[in-house]
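Enquirer: This is run35.txt, which holds compact mmCIF, C-alpha atoms:
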# COMPACT_ATOMS: atom_id res chain seq x y z
CA MET A 1 -116.77 -77.69 -75.30
CA ASP A 2 -115.06 -79.18 -78.34
CA ALA A 3 -114.54 -77.48 -81.71
CA ARG A 4 -114.72 -80.86 -83.45
CA ALA A 5 -118.22 -81.55 -82.11
CA ILE A 6 -119.44 -78.11 -83.25
CA ILE A 7 -117.99 -78.61 -86.73
CA ALA A 8 -119.54 -82.07 -86.90
CA LYS A 9 -122.98 -80.61 -86.14
CA VAL A 10 -122.74 -78.18 -89.06
CA ARG A 11 -121.43 -80.97 -91.29
CA ARG A 12 -124.59 -82.94 -90.42
CA LYS A 13 -126.70 -79.88 -91.34
CA GLN A 14 -127.55 -79.18 -87.70
CA THR A 15 -127.29 -75.72 -86.16
CA PRO A 16 -125.10 -75.56 -83.04
CA GLU A 17 -126.54 -74.18 -79.81
CA VAL A 18 -126.06 -70.49 -78.95
CA ALA A 19 -123.57 -71.43 -76.21
CA GLU A 20 -121.57 -73.51 -78.69
CA LEU A 21 -121.34 -70.72 -81.25
CA THR A 22 -120.40 -68.26 -78.49
CA TRP A 23 -117.61 -70.60 -77.36
CA PHE A 24 -116.41 -71.08 -80.96
CA ALA A 25 -116.27 -67.32 -81.60
CA LYS A 26 -114.31 -66.80 -78.39
CA GLY A 27 -111.95 -69.56 -79.51
CA LEU A 28 -111.42 -67.81 -82.82
CA ALA A 29 -110.52 -64.63 -80.95
CA ASP A 30 -108.15 -66.16 -78.38
CA GLY A 31 -106.61 -68.94 -80.47
CA ALA A 32 -108.29 -71.90 -78.79
CA VAL A 33 -109.73 -72.81 -82.22
CA SER A 34 -107.00 -73.79 -84.70
CA ASP A 35 -106.74 -72.56 -88.29
CA ALA A 36 -107.67 -76.05 -89.50
CA GLN A 37 -110.78 -76.05 -87.33
CA ALA A 38 -111.72 -72.53 -88.42
CA GLY A 39 -111.37 -73.57 -92.07
CA ALA A 40 -113.44 -76.73 -91.52
CA PHE A 41 -116.16 -74.70 -89.81
CA ALA A 42 -116.21 -72.15 -92.64
CA MET A 43 -116.46 -74.86 -95.29
CA ALA A 44 -119.22 -76.69 -93.40
CA VAL A 45 -121.24 -73.46 -93.08
CA CYS A 46 -120.59 -72.59 -96.72
CA LEU A 47 -121.88 -75.99 -97.90
CA ASN A 48 -124.74 -76.59 -95.44
CA GLY A 49 -125.73 -73.16 -94.11
CA LEU A 50 -127.24 -72.30 -90.74
CA SER A 51 -130.79 -71.74 -89.60
CA ASP A 52 -132.08 -68.18 -89.24
CA ALA A 53 -131.55 -68.45 -85.49
CA GLY A 54 -128.06 -69.78 -86.10
CA ARG A 55 -127.12 -66.80 -88.29
CA THR A 56 -128.22 -64.42 -85.56
CA ALA A 57 -126.43 -66.42 -82.87
CA LEU A 58 -123.17 -66.52 -84.88
CA THR A 59 -123.43 -62.77 -85.56
CA MET A 60 -123.92 -61.95 -81.87
CA ALA A 61 -121.18 -64.35 -80.80
CA MET A 62 -118.68 -62.73 -83.17
CA ARG A 63 -119.83 -59.25 -82.10
CA ASP A 64 -119.31 -60.17 -78.45
CA SER A 65 -115.84 -61.66 -79.07
CA GLY A 66 -114.38 -58.19 -78.46
CA ASP A 67 -115.38 -54.70 -77.37
CA VAL A 68 -118.95 -53.51 -77.85
CA LEU A 69 -119.41 -49.75 -77.63
CA ASN A 70 -122.14 -48.14 -75.56
CA TRP A 71 -123.20 -44.55 -76.09
CA ASP A 72 -124.64 -42.01 -73.66
CA LEU A 73 -125.83 -39.37 -76.12
CA ASN A 74 -129.03 -37.36 -76.34
CA ARG A 75 -129.64 -38.43 -79.95
CA PRO A 76 -130.04 -41.70 -81.88
CA VAL A 77 -126.92 -43.64 -82.89
CA ILE A 78 -127.31 -44.97 -86.45
CA ASP A 79 -125.26 -46.03 -89.48
CA LYS A 80 -125.36 -47.56 -92.97
CA HIS A 81 -123.32 -50.24 -94.68
CA SER A 82 -122.80 -50.96 -98.38
CA THR A 83 -121.91 -54.39 -99.74
CA GLY A 84 -119.57 -52.70 -102.21
CA GLY A 85 -119.65 -51.25 -105.70
CA VAL A 86 -117.80 -48.87 -108.02
CA GLY A 87 -118.04 -45.12 -107.66
CA ASP A 88 -119.82 -45.69 -104.35
CA CYS A 89 -118.73 -42.86 -102.06
CA VAL A 90 -122.10 -42.46 -100.30
CA SER A 91 -120.57 -42.70 -96.82
CA LEU A 92 -118.58 -39.47 -97.24
CA ILE A 93 -121.80 -37.60 -98.02
CA LEU A 94 -124.30 -39.45 -95.86
CA ALA A 95 -122.45 -39.37 -92.52
CA PRO A 96 -122.22 -35.54 -92.37
CA MET A 97 -125.76 -35.16 -93.77
CA LEU A 98 -127.10 -37.30 -90.94
CA ALA A 99 -124.98 -35.49 -88.36
CA ALA A 100 -126.54 -32.22 -89.55
CA CYS A 101 -129.95 -33.81 -88.88
CA ASP A 102 -129.07 -34.29 -85.19
CA VAL A 103 -128.23 -37.97 -85.12
CA ALA A 104 -124.91 -39.61 -84.23
CA VAL A 105 -122.99 -41.69 -86.79
CA PRO A 106 -120.00 -43.72 -85.55
CA MET A 107 -119.14 -45.22 -88.94
CA ILE A 108 -116.63 -48.06 -88.71
CA SER A 109 -115.58 -48.63 -92.31
CA GLY A 110 -113.23 -50.77 -94.36
CA ARG A 111 -110.60 -50.60 -97.07
CA GLY A 112 -110.90 -51.57 -100.70
CA LEU A 113 -109.98 -55.04 -101.91
CA GLY A 114 -110.85 -56.51 -105.28
CA HIS A 115 -112.63 -54.23 -107.74
CA THR A 116 -114.46 -52.08 -105.16
CA GLY A 117 -113.01 -49.05 -103.44
CA GLY A 118 -112.80 -48.62 -99.67
CA THR A 119 -114.26 -45.71 -97.72
CA LEU A 120 -111.13 -45.41 -95.56
CA ASP A 121 -108.84 -45.25 -98.61
CA LYS A 122 -110.99 -42.51 -100.13
CA LEU A 123 -111.01 -40.44 -96.96
CA GLU A 124 -107.26 -40.86 -96.47
CA ALA A 125 -106.67 -39.32 -99.91
CA ILE A 126 -107.02 -36.07 -97.93
CA PRO A 127 -103.49 -35.07 -96.79
CA GLY A 128 -102.75 -35.58 -93.10
CA LEU A 129 -105.97 -37.42 -92.36
CA SER A 130 -105.80 -40.71 -90.43
CA THR A 131 -108.77 -42.96 -89.80
CA SER A 132 -106.95 -44.97 -87.11
CA VAL A 133 -108.10 -43.47 -83.82
CA SER A 134 -108.52 -44.64 -80.25
CA GLU A 135 -111.94 -45.38 -78.81
CA ALA A 136 -111.64 -42.23 -76.70
CA LYS A 137 -110.99 -40.09 -79.77
CA LEU A 138 -113.84 -41.75 -81.66
CA ARG A 139 -116.18 -40.89 -78.81
CA ALA A 140 -114.91 -37.31 -78.68
CA ILE A 141 -115.35 -36.72 -82.43
CA VAL A 142 -118.84 -38.26 -82.54
CA GLY A 143 -119.85 -36.24 -79.47
CA ASP A 144 -118.58 -32.97 -80.93
CA VAL A 145 -119.11 -33.28 -84.70
CA GLY A 146 -121.88 -35.88 -84.80
CA CYS A 147 -120.07 -38.28 -87.14
CA ALA A 148 -116.73 -40.03 -87.49
CA ILE A 149 -115.59 -42.37 -90.27
CA VAL A 150 -112.85 -44.58 -88.83
CA SER A 151 -111.25 -48.01 -89.00
CA ALA A 152 -112.07 -50.67 -86.44
CA THR A 153 -110.02 -50.61 -83.25
CA GLY A 154 -107.89 -53.68 -82.49
CA ASN A 155 -110.49 -55.37 -80.33
CA ILE A 156 -113.64 -54.85 -82.43
CA ALA A 157 -114.97 -58.29 -83.44
CA PRO A 158 -111.60 -60.09 -83.30
CA ALA A 159 -113.33 -63.38 -84.16
CA ASP A 160 -114.25 -61.89 -87.53
CA LYS A 161 -110.66 -60.84 -88.27
CA ARG A 162 -109.55 -64.42 -87.73
CA LEU A 163 -112.40 -66.09 -89.62
CA TYR A 164 -112.22 -63.65 -92.54
CA ALA A 165 -108.54 -64.41 -93.07
CA VAL A 166 -109.33 -68.13 -93.12
CA ARG A 167 -112.28 -67.66 -95.50
CA ASP A 168 -110.08 -65.75 -97.93
CA VAL A 169 -107.79 -68.77 -98.43
CA THR A 170 -110.41 -71.55 -98.23
CA ALA A 171 -112.83 -70.44 -101.00
CA THR A 172 -115.63 -69.74 -98.50
CA VAL A 173 -115.95 -65.98 -98.91
CA GLU A 174 -119.30 -66.18 -100.75
CA SER A 175 -121.26 -67.88 -97.94
CA VAL A 176 -124.33 -65.74 -97.12
CA GLU A 177 -124.17 -66.86 -93.47
CA LEU A 178 -120.52 -65.91 -93.10
CA ILE A 179 -120.94 -62.63 -95.00
CA THR A 180 -123.84 -61.75 -92.71
CA ALA A 181 -121.93 -62.49 -89.52
CA SER A 182 -118.81 -60.72 -90.77
CA ILE A 183 -120.55 -57.48 -91.75
CA LEU A 184 -122.89 -57.28 -88.80
CA SER A 185 -120.47 -58.31 -86.07
CA LYS A 186 -118.40 -55.18 -86.77
CA LYS A 187 -121.36 -52.86 -87.32
CA LEU A 188 -123.26 -53.98 -84.22
CA ALA A 189 -120.10 -53.72 -82.10
CA ALA A 190 -120.36 -49.96 -82.72
CA GLY A 191 -123.40 -49.87 -80.42
CA LEU A 192 -125.96 -48.91 -83.08
CA GLU A 193 -129.67 -48.36 -82.51
CA GLY A 194 -130.50 -48.32 -86.23
CA LEU A 195 -128.87 -49.55 -89.42
CA VAL A 196 -129.65 -49.52 -93.14
CA MET A 197 -127.96 -51.95 -95.51
CA ASP A 198 -127.21 -50.90 -99.09
CA VAL A 199 -127.10 -54.23 -100.94
CA LYS A 200 -125.67 -53.69 -104.42
CA VAL A 201 -126.70 -55.76 -107.44
CA GLY A 202 -125.40 -55.70 -111.01
CA SER A 203 -122.23 -55.73 -113.07
CA GLY A 204 -120.22 -53.66 -110.58
CA ALA A 205 -121.41 -55.52 -107.47
CA PHE A 206 -120.40 -58.78 -105.83
CA MET A 207 -124.03 -59.92 -106.15
CA LYS A 208 -124.78 -60.08 -109.87
CA SER A 209 -128.39 -61.34 -109.68
CA MET A 210 -131.50 -60.12 -107.87
CA ASP A 211 -132.02 -63.55 -106.30
CA ASP A 212 -128.57 -63.46 -104.69
CA ALA A 213 -129.04 -59.84 -103.60
CA ARG A 214 -132.43 -60.61 -102.06
CA ALA A 215 -131.03 -63.60 -100.18
CA LEU A 216 -128.21 -61.50 -98.72
CA ALA A 217 -130.48 -58.56 -97.87
CA ARG A 218 -132.98 -60.86 -96.16
CA SER A 219 -130.22 -62.55 -94.17
CA LEU A 220 -128.68 -59.24 -93.05
CA VAL A 221 -132.00 -57.67 -92.06
CA ASP A 222 -133.23 -60.72 -90.16
CA ALA A 223 -129.95 -61.28 -88.30
CA ALA A 224 -129.53 -57.63 -87.32
CA ASN A 225 -133.12 -57.30 -86.12
CA GLY A 226 -132.71 -60.59 -84.28
CA ALA A 227 -129.67 -59.10 -82.54
CA GLY A 228 -131.77 -56.12 -81.39
CA CYS A 229 -130.75 -53.47 -83.94
CA LYS A 230 -133.56 -51.94 -86.01
CA THR A 231 -132.49 -52.65 -89.59
CA SER A 232 -133.80 -52.45 -93.14
CA ALA A 233 -132.14 -52.80 -96.53
CA LEU A 234 -132.33 -51.22 -99.97
CA ILE A 235 -131.28 -53.31 -102.96
CA THR A 236 -129.70 -50.76 -105.29
CA ASP A 237 -128.48 -50.73 -108.87
CA MET A 238 -124.81 -51.24 -109.69
CA ASP A 239 -125.10 -51.89 -113.43
CA GLN A 240 -123.20 -48.63 -113.84
CA PRO A 241 -120.92 -46.66 -111.50
CA LEU A 242 -122.85 -44.75 -108.85
CA ALA A 243 -120.75 -41.62 -109.37
CA PRO A 244 -119.10 -40.43 -112.62
CA THR A 245 -115.69 -40.79 -110.93
CA LEU A 246 -113.74 -43.86 -109.79
CA GLY A 247 -110.62 -43.51 -107.69
CA ASN A 248 -109.91 -42.20 -104.22
CA ALA A 249 -109.13 -38.48 -104.57
CA LEU A 250 -111.43 -38.18 -107.59
CA GLU A 251 -114.38 -39.58 -105.62
CA VAL A 252 -113.61 -37.25 -102.72
CA ALA A 253 -113.70 -34.34 -105.19
CA THR A 254 -117.13 -35.45 -106.39
CA CYS A 255 -118.35 -35.66 -102.80
CA MET A 256 -117.05 -32.15 -102.12
CA GLU A 257 -119.03 -30.86 -105.11
CA VAL A 258 -122.22 -32.51 -103.81
CA LEU A 259 -121.60 -31.22 -100.28
CA SER A 260 -121.09 -27.76 -101.80
CA GLY A 261 -124.64 -27.97 -103.15
CA GLN A 262 -123.71 -29.00 -106.71
CA THR A 263 -125.95 -32.05 -106.64
CA ASP A 264 -126.13 -32.19 -110.46
CA ALA A 265 -122.44 -33.20 -110.42
CA ALA A 266 -123.53 -36.69 -109.35
CA PRO A 267 -127.33 -37.02 -109.37
CA ARG A 268 -127.47 -40.79 -108.76
CA LEU A 269 -125.01 -40.51 -105.87
CA THR A 270 -127.02 -37.65 -104.36
CA GLU A 271 -130.35 -39.43 -104.74
CA LEU A 272 -129.12 -42.66 -103.15
CA SER A 273 -127.53 -40.77 -100.25
CA ILE A 274 -130.87 -39.10 -99.56
CA ALA A 275 -132.79 -42.37 -99.94
CA LEU A 276 -130.54 -44.23 -97.49
CA GLY A 277 -130.54 -41.29 -95.08
CA ALA A 278 -134.33 -41.06 -95.16
CA GLU A 279 -134.57 -44.79 -94.45
CA LEU A 280 -132.48 -44.24 -91.31
CA LEU A 281 -134.25 -41.09 -90.13
CA VAL A 282 -137.62 -42.82 -90.48
CA GLN A 283 -136.29 -45.39 -88.00
CA THR A 284 -135.88 -42.54 -85.49
CA GLY A 285 -139.55 -41.52 -85.84
CA MET A 286 -139.59 -39.02 -88.72
CA THR A 287 -141.99 -39.27 -91.64
CA PRO A 288 -140.34 -39.99 -95.02
CA GLU A 289 -141.28 -36.51 -96.27
CA VAL A 290 -139.74 -34.70 -93.29
CA ALA A 291 -136.63 -36.89 -93.46
CA ARG A 292 -136.01 -36.08 -97.12
CA ARG A 293 -136.55 -32.34 -96.56
CA LYS A 294 -134.06 -32.30 -93.70
CA LEU A 295 -131.44 -34.18 -95.69
CA GLU A 296 -131.87 -31.98 -98.76
CA LYS A 297 -131.62 -28.85 -96.59
CA SER A 298 -128.39 -30.14 -95.04
CA LEU A 299 -126.84 -29.93 -98.53
CA THR A 300 -128.34 -26.65 -99.71
CA SER A 301 -127.65 -24.85 -96.40
CA GLY A 302 -124.02 -25.97 -96.16
CA ALA A 303 -124.64 -27.73 -92.83
CA ALA A 304 -123.46 -31.11 -94.14
CA MET A 305 -120.28 -29.57 -95.57
CA GLU A 306 -119.60 -27.89 -92.23
CA ARG A 307 -119.86 -31.25 -90.42
CA PHE A 308 -117.65 -32.97 -92.99
CA ALA A 309 -114.96 -30.28 -92.72
CA ARG A 310 -114.98 -30.48 -88.92
CA MET A 311 -114.63 -34.26 -89.08
CA VAL A 312 -111.70 -33.95 -91.50
CA THR A 313 -109.91 -31.53 -89.19
CA ALA A 314 -110.58 -33.74 -86.14
CA LEU A 315 -108.99 -36.69 -87.99
CA GLY A 316 -105.84 -34.68 -88.77
CA GLY A 317 -106.78 -33.22 -92.16
CA PRO A 318 -106.48 -29.58 -93.26
CA PRO A 319 -108.57 -26.99 -91.38
CA ASP A 320 -109.78 -25.27 -94.58
CA MET A 321 -111.12 -28.30 -96.44
CA ALA A 322 -114.54 -26.75 -96.99
CA GLN A 323 -113.14 -23.62 -98.63
CA ASP A 324 -110.04 -24.90 -100.44
CA TRP A 325 -110.52 -28.62 -101.07
CA GLN A 326 -109.35 -28.41 -104.71
CA THR A 327 -105.80 -27.51 -103.66
CA HIS A 328 -105.53 -30.25 -101.05
CA LEU A 329 -106.47 -33.31 -103.13
CA PRO A 330 -103.60 -35.00 -105.02
CA LYS A 331 -103.63 -34.90 -108.82
CA ALA A 332 -102.24 -37.43 -111.28
CA PRO A 333 -99.50 -36.25 -113.69
CA VAL A 334 -100.99 -37.95 -116.78
CA VAL A 335 -104.55 -37.08 -117.81
CA GLY A 336 -106.18 -38.15 -121.07
CA GLU A 337 -109.50 -38.95 -122.70
CA VAL A 338 -110.74 -42.32 -123.97
CA PRO A 339 -112.59 -41.56 -127.25
CA ALA A 340 -115.55 -43.65 -128.38
CA ARG A 341 -114.85 -45.77 -131.44
CA ALA A 342 -118.41 -45.49 -132.74
CA ALA A 343 -121.54 -43.39 -132.36
CA GLY A 344 -124.58 -44.71 -130.52
CA VAL A 345 -126.06 -45.17 -127.06
CA ILE A 346 -124.27 -46.55 -124.00
CA ALA A 347 -126.01 -49.93 -123.80
CA ALA A 348 -123.98 -51.71 -121.08
CA ILE A 349 -121.16 -51.00 -118.65
CA ASP A 350 -119.03 -53.68 -117.00
CA GLY A 351 -118.60 -52.01 -113.62
CA GLU A 352 -116.29 -54.69 -112.28
CA ALA A 353 -113.96 -54.21 -115.26
CA LEU A 354 -113.87 -50.45 -114.66
CA GLY A 355 -113.08 -51.04 -111.00
CA LEU A 356 -110.24 -53.38 -111.95
CA ALA A 357 -108.96 -50.75 -114.39
CA VAL A 358 -108.61 -48.36 -111.45
CA VAL A 359 -106.77 -51.09 -109.52
CA GLY A 360 -104.45 -51.46 -112.51
CA LEU A 361 -103.73 -47.74 -112.40
CA GLY A 362 -102.63 -48.15 -108.76
CA GLY A 363 -105.86 -46.90 -107.19
CA GLY A 364 -106.68 -50.19 -105.46
CA ARG A 365 -105.06 -53.33 -104.05
CA ARG A 366 -104.43 -56.70 -105.65
CA VAL A 367 -103.22 -57.91 -102.24
CA GLU A 368 -103.79 -56.33 -98.87
CA THR A 369 -100.22 -55.00 -98.56
CA ASP A 370 -100.28 -53.02 -101.84
CA ARG A 371 -99.72 -49.27 -101.55
CA ILE A 372 -102.45 -47.10 -103.09
CA ASP A 373 -101.89 -44.06 -105.29
CA PRO A 374 -104.78 -41.77 -104.24
CA SER A 375 -104.51 -39.52 -107.31
CA VAL A 376 -105.28 -42.05 -110.07
CA GLY A 377 -108.62 -43.22 -111.47
CA LEU A 378 -111.34 -42.34 -113.96
CA SER A 379 -113.51 -39.26 -114.19
CA ASP A 380 -116.36 -38.13 -116.45
CA VAL A 381 -117.46 -41.74 -116.96
CA VAL A 382 -120.45 -42.07 -119.30
CA GLY A 383 -123.77 -43.44 -118.05
CA LEU A 384 -126.25 -45.97 -119.36
CA GLY A 385 -128.52 -44.55 -122.05
CA GLN A 386 -126.21 -41.64 -122.83
CA LYS A 387 -125.81 -40.80 -126.52
CA VAL A 388 -122.22 -40.48 -127.77
CA GLU A 389 -120.64 -39.52 -131.05
CA ARG A 390 -117.55 -41.16 -132.49
CA GLY A 391 -114.52 -39.59 -130.78
CA GLN A 392 -116.53 -38.32 -127.81
CA PRO A 393 -114.87 -39.22 -124.47
CA LEU A 394 -116.18 -42.31 -122.66
CA ALA A 395 -114.06 -41.37 -119.64
CA VAL A 396 -111.02 -39.35 -118.63
CA ILE A 397 -108.04 -41.30 -117.30
CA HIS A 398 -105.88 -39.99 -114.45
CA ALA A 399 -102.64 -42.00 -114.34
CA ALA A 400 -99.15 -42.03 -112.90
CA ASP A 401 -97.53 -42.78 -116.29
CA GLU A 402 -98.31 -43.26 -119.97
CA ASP A 403 -98.08 -47.06 -119.92
CA SER A 404 -100.71 -47.48 -117.18
CA ALA A 405 -102.89 -44.87 -118.89
CA GLU A 406 -102.79 -46.85 -122.14
CA ALA A 407 -103.71 -50.10 -120.36
CA ALA A 408 -106.62 -48.36 -118.62
CA ALA A 409 -107.85 -46.95 -121.96
CA HIS A 410 -108.05 -50.45 -123.42
CA ALA A 411 -109.92 -51.62 -120.32
CA VAL A 412 -112.45 -48.80 -120.58
CA LEU A 413 -113.11 -49.49 -124.27
CA ALA A 414 -113.69 -53.18 -123.48
CA ALA A 415 -115.97 -52.38 -120.52
CA VAL A 416 -118.34 -49.99 -122.32
CA THR A 417 -120.78 -51.34 -124.91
CA ILE A 418 -122.21 -48.91 -127.48
CA GLY A 419 -125.48 -49.95 -129.08
CA GLU A 420 -128.82 -48.54 -130.18
CA ALA A 421 -130.74 -48.54 -126.89
CA ALA A 422 -130.23 -49.27 -123.21
CA PRO A 423 -132.44 -50.31 -120.29
CA GLN A 424 -132.64 -47.85 -117.40
CA PRO A 425 -132.96 -49.88 -114.18
CA ASP A 426 -134.34 -48.15 -111.11
CA LEU A 427 -131.68 -46.85 -108.73
CA VAL A 428 -133.49 -48.45 -105.76
CA ARG A 429 -134.79 -51.79 -106.98
CA GLU A 430 -136.36 -53.14 -103.78
CA ARG A 431 -136.74 -52.49 -100.06
CA VAL A 432 -136.36 -55.30 -97.51
CA SER A 433 -137.54 -54.89 -93.92
Rewrite the coordinates I just gave you, this time as structure tokens.

Expert:
Amino acid sequence: MDARAIIAKVRRKQTPEVAELTWFAKGLADGAVSDAQAGAFAMAVCLNGLSDAGRTALTMAMRDSGDVLNWDLNRPVIDKHSTGGVGDCVSLILAPMLAACDVAVPMISGRGLGHTGGTLDKLEAIPGLSTSVSEAKLRAIVGDVGCAIVSATGNIAPADKRLYAVRDVTATVESVELITASILSKKLAAGLEGLVMDVKVGSGAFMKSMDDARALARSLVDAANGAGCKTSALITDMDQPLAPTLGNALEVATCMEVLSGQTDAAPRLTELSIALGAELLVQTGMTPEVARRKLEKSLTSGAAMERFARMVTALGGPPDMAQDWQTHLPKAPVVGEVPARAAGVIAAIDGEALGLAVVGLGGGRRVETDRIDPSVGLSDVVGLGQKVERGQPLAVIHAADEDSAEAAAHAVLAAVTIGEAAPQPDLVRERVS
């Protein structure tokens, strides 16, 4: 086969054959396809798209470019994926909740880039913990604990690693076809039987409009089901941070409060974790009512916390995380409030701007090689519709020094709009199946 002929087909708005896409993905993985050809393919797909069958074929080809895990467990193997938002630490709560409900969750996650935080960076705010494990250790942890949140091994979807790097420098990141294949190739390589997609929409999401979110959700659901993995999606609100904290250690602290049964510490985070978990458990044969009861009980009984603590220890973290998590999480040396300049109601929140404020504090990456400070971020962030008085805190800044704290304060003030009223969008806006 010839990469040029495959690229030419896409340029002519034709979808290559399954065998051609399989060959191209293999070429991405082993170097037979050049960077120039990879870039031309990405641009052709970005401009002209692929058919529904083509999206599925590209997803499966990229999945099969490396290792695909198989599981021999006596319980369903399921997972969720979020398209990224601010204050979104659902994975740290949901994985142990599901494990406590007798399902297996091999969660292969990513790091933060841009304004959104990464699950792996959040988890690695816990001292000693490493998410880089061998396949054998991943299998052992999932078999014993029921869940493991880890980074992809070196040979999981290598075609995606190559194509993603090319997309990043060729202005083709936003292609729905390429996003679909990138996300699903890694998730499906984990050997899942069920998957739920959390597609974010709003000011703190990559997808700002419902039309764009629907298009992505539809593409992800159709491609994953076409590849043989039972999948549905929830389109969820990101017009305000999901949790009242932004930043790695701060978000872990919020998760520990929820896992301790203090669900009022982050009600939107708790509710979405239960909604996504119920969506997955229904895929295994439970009724929605039974699924929600089991998930809620996993929090109130301490079962989810017990699973989380065992996972932390298995990944190299402290053995007493459940009992003494406050002492283990790093704390920033400079802490200060951002007072409101006027009284009123929180009418709008620019979530992307808040996320970038955390990056500016050192809590995220501008480029992939940046080192993260896990202690910095924002806490006690106000929510839409909340009434505030002049001088009342809009957020609390956790910073490494006074200069970065001052810059973050200006960013928070610019990101939060105080008015007379505010819309209250539903947390789950739509379901796609």

Enquirer: Considering only C-alpha atoms, give me a table of residues in stretch 78-148 of chain A that are at most 9 Å from stretch 228-240 of chain A, with the closest atom pair and distance in Å for each, as a tab-separated table.

Expert:
residue	atom	partner	partner_atom	distance
A:Gly85	CA	A:Met238	CA	6.5
A:Val86	CA	A:Met238	CA	7.6
A:Gly87	CA	A:Gln240	CA	8.8

Enquirer: Once you count all atoms listed in the file, which residues end up no further than 10 Å from (-110.6, -51.3, -99.5) in the file's frame, shown as a list in words?

Expert: Gly84, Ser109, Gly110, Arg111, Gly112, Leu113, Gly114, His115, Thr116, Gly117, Gly118, Thr119, Leu120, Asp121, Lys122, Gly364, Arg365, Glu368 and Ile372 of chain A

Enquirer: What is the distance, in Å and to one decimal place, between atom CA of A:Ala408 and atom CA of A:Thr369?

Expert: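 Here the two named atoms are 22.1 Å from each other.
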
Enquirer: Name the residues within 9 Å of (-115.5, -71.1, -83.2), counting only C-alpha atoms in the file's coordinates, and put them as an NGL selection string.

Expert: :A and (3 or 6-7 or 20-29 or 32-33 or 37-38 or 41 or 62 or 159 or 163)

Enquirer: Could you save those same residues with C-alpha atoms as a short mmCIF file (atom, residue, chain, number, x, y, z; two decimals), in the coordinates of the input?

Expert:
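Full text of out-v1.cif as output:
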data_model
loop_
_atom_site.label_atom_id
_atom_site.label_comp_id
_atom_site.auth_asym_id
_atom_site.auth_seq_id
_atom_site.Cartn_x
_atom_site.Cartn_y
_atom_site.Cartn_z
CA ALA A 3 -114.54 -77.48 -81.71
CA ILE A 6 -119.44 -78.11 -83.25
CA ILE A 7 -117.99 -78.61 -86.73
CA GLU A 20 -121.57 -73.51 -78.69
CA LEU A 21 -121.34 -70.72 -81.25
CA THR A 22 -120.40 -68.26 -78.49
CA TRP A 23 -117.61 -70.60 -77.36
CA PHE A 24 -116.41 -71.08 -80.96
CA ALA A 25 -116.27 -67.32 -81.60
CA LYS A 26 -114.31 -66.80 -78.39
CA GLY A 27 -111.95 -69.56 -79.51
CA LEU A 28 -111.42 -67.81 -82.82
CA ALA A 29 -110.52 -64.63 -80.95
CA ALA A 32 -108.29 -71.90 -78.79
CA VAL A 33 -109.73 -72.81 -82.22
CA GLN A 37 -110.78 -76.05 -87.33
CA ALA A 38 -111.72 -72.53 -88.42
CA PHE A 41 -116.16 -74.70 -89.81
CA MET A 62 -118.68 -62.73 -83.17
CA ALA A 159 -113.33 -63.38 -84.16
CA LEU A 163 -112.40 -66.09 -89.62
#

Enquirer: Write out as a CSV table (one decimal) with C-alpha atoms, in the coordinates of the input the residues lying within 12 Å of A:Gln323, counting all atoms listed in the file and excluding same-chain residues fewer than 4 positions away.

Expert:
chain,number,residue,atom,x,y,z
A,256,MET,CA,-117.0,-32.2,-102.1
A,257,GLU,CA,-119.0,-30.9,-105.1
A,259,LEU,CA,-121.6,-31.2,-100.3
A,260,SER,CA,-121.1,-27.8,-101.8
A,302,GLY,CA,-124.0,-26.0,-96.2
A,305,MET,CA,-120.3,-29.6,-95.6
A,306,GLU,CA,-119.6,-27.9,-92.2
A,308,PHE,CA,-117.6,-33.0,-93.0
A,309,ALA,CA,-115.0,-30.3,-92.7
A,318,PRO,CA,-106.5,-29.6,-93.3
A,319,PRO,CA,-108.6,-27.0,-91.4
A,327,THR,CA,-105.8,-27.5,-103.7
A,328,HIS,CA,-105.5,-30.2,-101.0

Enquirer: Would you mind telling me which residue in A:Leu98, A:Ala227, A:Ile141, A:Val90 lies nearest to A:Leu280 when using all atoms listed in the file?

Expert: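 Closest residue, counting all atoms listed in the file: A:Leu98.
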
Enquirer: Closest to A:Val290 among A:Arg55, A:Cys101, A:Val416, A:Leu272, using all atoms listed in the file?

Expert: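 Using all atoms listed in the file, A:Val290 sits closest to A:Cys101.
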
Enquirer: From the list A:Ala304, A:Ile349, A:Ala36, A:Ala181, which residue is nearest A:Leu220 when using all atoms listed in the file?

Expert: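 Result for the nearest residue to A:Leu220: A:Ala181.
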
Enquirer: One decimal, in Å: what's the spacing between atom CA of A:Glu420 and atom CA of A:Val345?

Expert: 5.4 Å

Enquirer: Check the smallest atom-to-atom distance from each of A:Ala61, A:Arg139, A:Ala348, A:Gly194 to A:Gly285 using all atoms listed in the file, then report the winner.

Expert: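 The shortest atom-to-atom distance to A:Gly285 comes from A:Gly194.
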
Enquirer: Would you mind telling me which residue in A:Leu246, A:Ala157, A:Ala332, A:Leu184 lies nearest to A:Glu352 when using only C-alpha atoms?

Expert: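 For A:Glu352, the nearest of the candidates is A:Leu246.
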
Enquirer: I'd like the interatomic distance between atom CA of A:Gly204 and atom CA of A:Ala243, to a tenth of an Å.

Expert: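 Computed distance, atom CA of A:Gly204 to atom CA of A:Ala243, equals 12.1 Å.
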
Enquirer: Find the residue from A:Gly351, A:Val412, A:Trp71, A:Pro423 that sits nearest to A:Gly385; use all atoms listed in the file when measuring.

Expert: A:Pro423
